[in-house]
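Enquirer: My structure is below; once you've seen it, I'll send some questions.
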Amino acid sequence: MTLVIMAAGMGSRFGGLKQVEPVGPNGEFILDYSVYDAIRAGYDKVVFIIKEENYDLFRDTIGKRIESKIKVEYAFQKIEDVPEGVEIPVGRVKPWGTSHAILSAKKYVNEPFSIINADDFYGLDPYVKTKEYFDKVTDSNEYAMVGYNVINTMSENGSVKRGVCEKDSNGNLTSLIESSIEKNGDKIMATSLEDENNIFEINENDLVSMNFFGFKPSIFNYLEEEMIEFFENHKNDLDKCEFLIPTSVFKRIDEGKINVKVLDTDEKWYGVTYKEDKEDLVNAINKMIEEGKYPKNLWD
């Protein structure tokens, strides 16, 4: 089982490379805790998806201290990796999105794998449940997604973007509405990112996606096919369009080609969506260390 970590994006609201902001008592990053939890759950390889120009920074700060603990690979997400004939707009600097990022890891992954965001603290349980799921599933088109209770993913410092999910009686994903979510008094309100007039209330235990998916290598073929269609369909907005994994997943669900099992977790998410979130994350990690969930020196 491989962990693929998407770390090519810059944290615009946080103000820099938030993936390499120390949050642990000995300079550990969020990434360290993600890899540590994955190793505990039985993963045996990690692939960092990064910008090529950040390779030395990642290798020196993160890679070197974990390379003795787990096999490490680096995949580069490049804006130039597009279908033949696509003209990249002069002003475009942002990568093409999460589906494009995952494709950049193809040559390093030949086994079931999880994808996560570099700047999200997920907790141990999602890694354990995803590993256990893929230990049992043999069908190459059976995937998974970890679903969090929305109340466990909120920031005290502003709205957050989450995918509000629904599943069927078999536990398979049937709906995911990418939304901006925030507390409004004693209510939690979601606004669809595709339709700002679609505003709806959700319960605190409703499930949301945090981009923790589990895939088989079959996903790469689907993404390669779809990428050609994506760039053909977005000729007129190549300056801002994004090739996103939830859209890619639902394209194949709608075609009846895949199932995505929702794996519920009670873990609490932590992240640094806003600068002010960092203190909350640091305090939470210190508390987990006191409770014995993590050692004070993570890699000793």
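Ligands are numbered from 1 in the order shown, chains are lettered A, B, ... in the order of the structure tokens, and residues start at 1 in each chain.
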Counting only C-alpha atoms, which residues of segment 81-157 of chain A sit at most 8 Å from some atom of segment 44-54 of chain A, and what is each one's closest atom pair with its distance in Å to one decimal, listed by chain and rising residue number, as a Markdown table?

Expert:
```
| residue | atom | partner | partner_atom | distance |
| --- | --- | --- | --- | --- |
| A:Ala101 | CA | A:Ile49 | CA | 6.8 |
| A:Ile102 | CA | A:Ile49 | CA | 7.8 |
| A:Ser104 | CA | A:Ile49 | CA | 7.4 |
| A:Ala105 | CA | A:Ile49 | CA | 6.9 |
| A:Tyr108 | CA | A:Val47 | CA | 7.4 |
```

Enquirer: Which residues of segment 43-147 of chain A come within 10 Å of segment 223-235 of chain A, and for each one, what is the closest pair of atoms and their distance in Å to one decimal, counting only C-alpha atoms, sorted by chain and residue number, as JSON lines?

Expert:
```
{"residue": "A:Val82", "atom": "CA", "partner": "A:Met227", "partner_atom": "CA", "distance": 8.0}
{"residue": "A:Pro83", "atom": "CA", "partner": "A:Ile228", "partner_atom": "CA", "distance": 6.2}
{"residue": "A:Glu84", "atom": "CA", "partner": "A:Ile228", "partner_atom": "CA", "distance": 9.1}
{"residue": "A:Gly85", "atom": "CA", "partner": "A:Phe231", "partner_atom": "CA", "distance": 9.8}
{"residue": "A:Val86", "atom": "CA", "partner": "A:Phe231", "partner_atom": "CA", "distance": 7.3}
{"residue": "A:Glu87", "atom": "CA", "partner": "A:Lys235", "partner_atom": "CA", "distance": 9.0}
{"residue": "A:Ile88", "atom": "CA", "partner": "A:Lys235", "partner_atom": "CA", "distance": 9.9}
{"residue": "A:Ser99", "atom": "CA", "partner": "A:Leu223", "partner_atom": "CA", "distance": 6.8}
{"residue": "A:His100", "atom": "CA", "partner": "A:Met227", "partner_atom": "CA", "distance": 7.8}
{"residue": "A:Ile102", "atom": "CA", "partner": "A:Leu223", "partner_atom": "CA", "distance": 8.6}
{"residue": "A:Leu103", "atom": "CA", "partner": "A:Leu223", "partner_atom": "CA", "distance": 6.9}
```

Enquirer: Quick check, in Å to one decimal: how far apart do atom CA of Glu142 of chain A and atom CA of Thr265 of chain A lie?

Expert: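 Answer for the atom CA of Glu142 of chain A to atom CA of Thr265 of chain A separation: 19.1 Å.
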
Enquirer: DSSP on the backbone, then: every residue of segment 18-205 of chain A marked helix (DSSP H, G or I), written as a ChimeraX atom specification.

Expert: /A:18-20,30-41,52-66,98-103,106-108,125-136,150-153

Enquirer: Produce a table with one row for each residue of segment 173-285 of chain A that has an atom at most 9 Å from any atom of segment 128-141 of chain A, each row naming the nearest atom pair and its distance in Å at one decimal; use only C-alpha atoms; arrange rows by chain and rising residue number; format as JSON lines.

Expert:
```
{"residue": "A:Phe213", "atom": "CA", "partner": "A:Thr130", "partner_atom": "CA", "distance": 8.6}
{"residue": "A:Gly214", "atom": "CA", "partner": "A:Thr130", "partner_atom": "CA", "distance": 6.6}
{"residue": "A:Phe215", "atom": "CA", "partner": "A:Asn141", "partner_atom": "CA", "distance": 8.2}
{"residue": "A:Lys216", "atom": "CA", "partner": "A:Ser140", "partner_atom": "CA", "distance": 5.8}
{"residue": "A:Pro217", "atom": "CA", "partner": "A:Ser140", "partner_atom": "CA", "distance": 7.6}
{"residue": "A:Ser218", "atom": "CA", "partner": "A:Ser140", "partner_atom": "CA", "distance": 6.3}
{"residue": "A:Ile219", "atom": "CA", "partner": "A:Asn141", "partner_atom": "CA", "distance": 8.0}
{"residue": "A:Lys257", "atom": "CA", "partner": "A:Asn141", "partner_atom": "CA", "distance": 6.9}
{"residue": "A:Ile258", "atom": "CA", "partner": "A:Asn141", "partner_atom": "CA", "distance": 4.9}
{"residue": "A:Asn259", "atom": "CA", "partner": "A:Asn141", "partner_atom": "CA", "distance": 6.7}
{"residue": "A:Val260", "atom": "CA", "partner": "A:Asn141", "partner_atom": "CA", "distance": 8.6}
{"residue": "A:Leu263", "atom": "CA", "partner": "A:Lys129", "partner_atom": "CA", "distance": 7.0}
{"residue": "A:Asp264", "atom": "CA", "partner": "A:Lys129", "partner_atom": "CA", "distance": 8.7}
{"residue": "A:Thr265", "atom": "CA", "partner": "A:Lys129", "partner_atom": "CA", "distance": 8.5}
```

Enquirer: Select, from A:Val262, A:Leu31, A:Val90, A:Leu57, the residue with the minimum atom-to-atom distance to Leu3 of chain A, counting only C-alpha atoms.

Expert: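 Closest residue, counting only C-alpha atoms: A:Leu31.
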
Enquirer: From the list A:Lys64, A:Asp300, A:Asp32, A:Asp119, which residue is nearest Lys278 of chain A when using only C-alpha atoms?

Expert: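 Checking each candidate against Lys278 of chain A, we get A:Asp119 as the closest.
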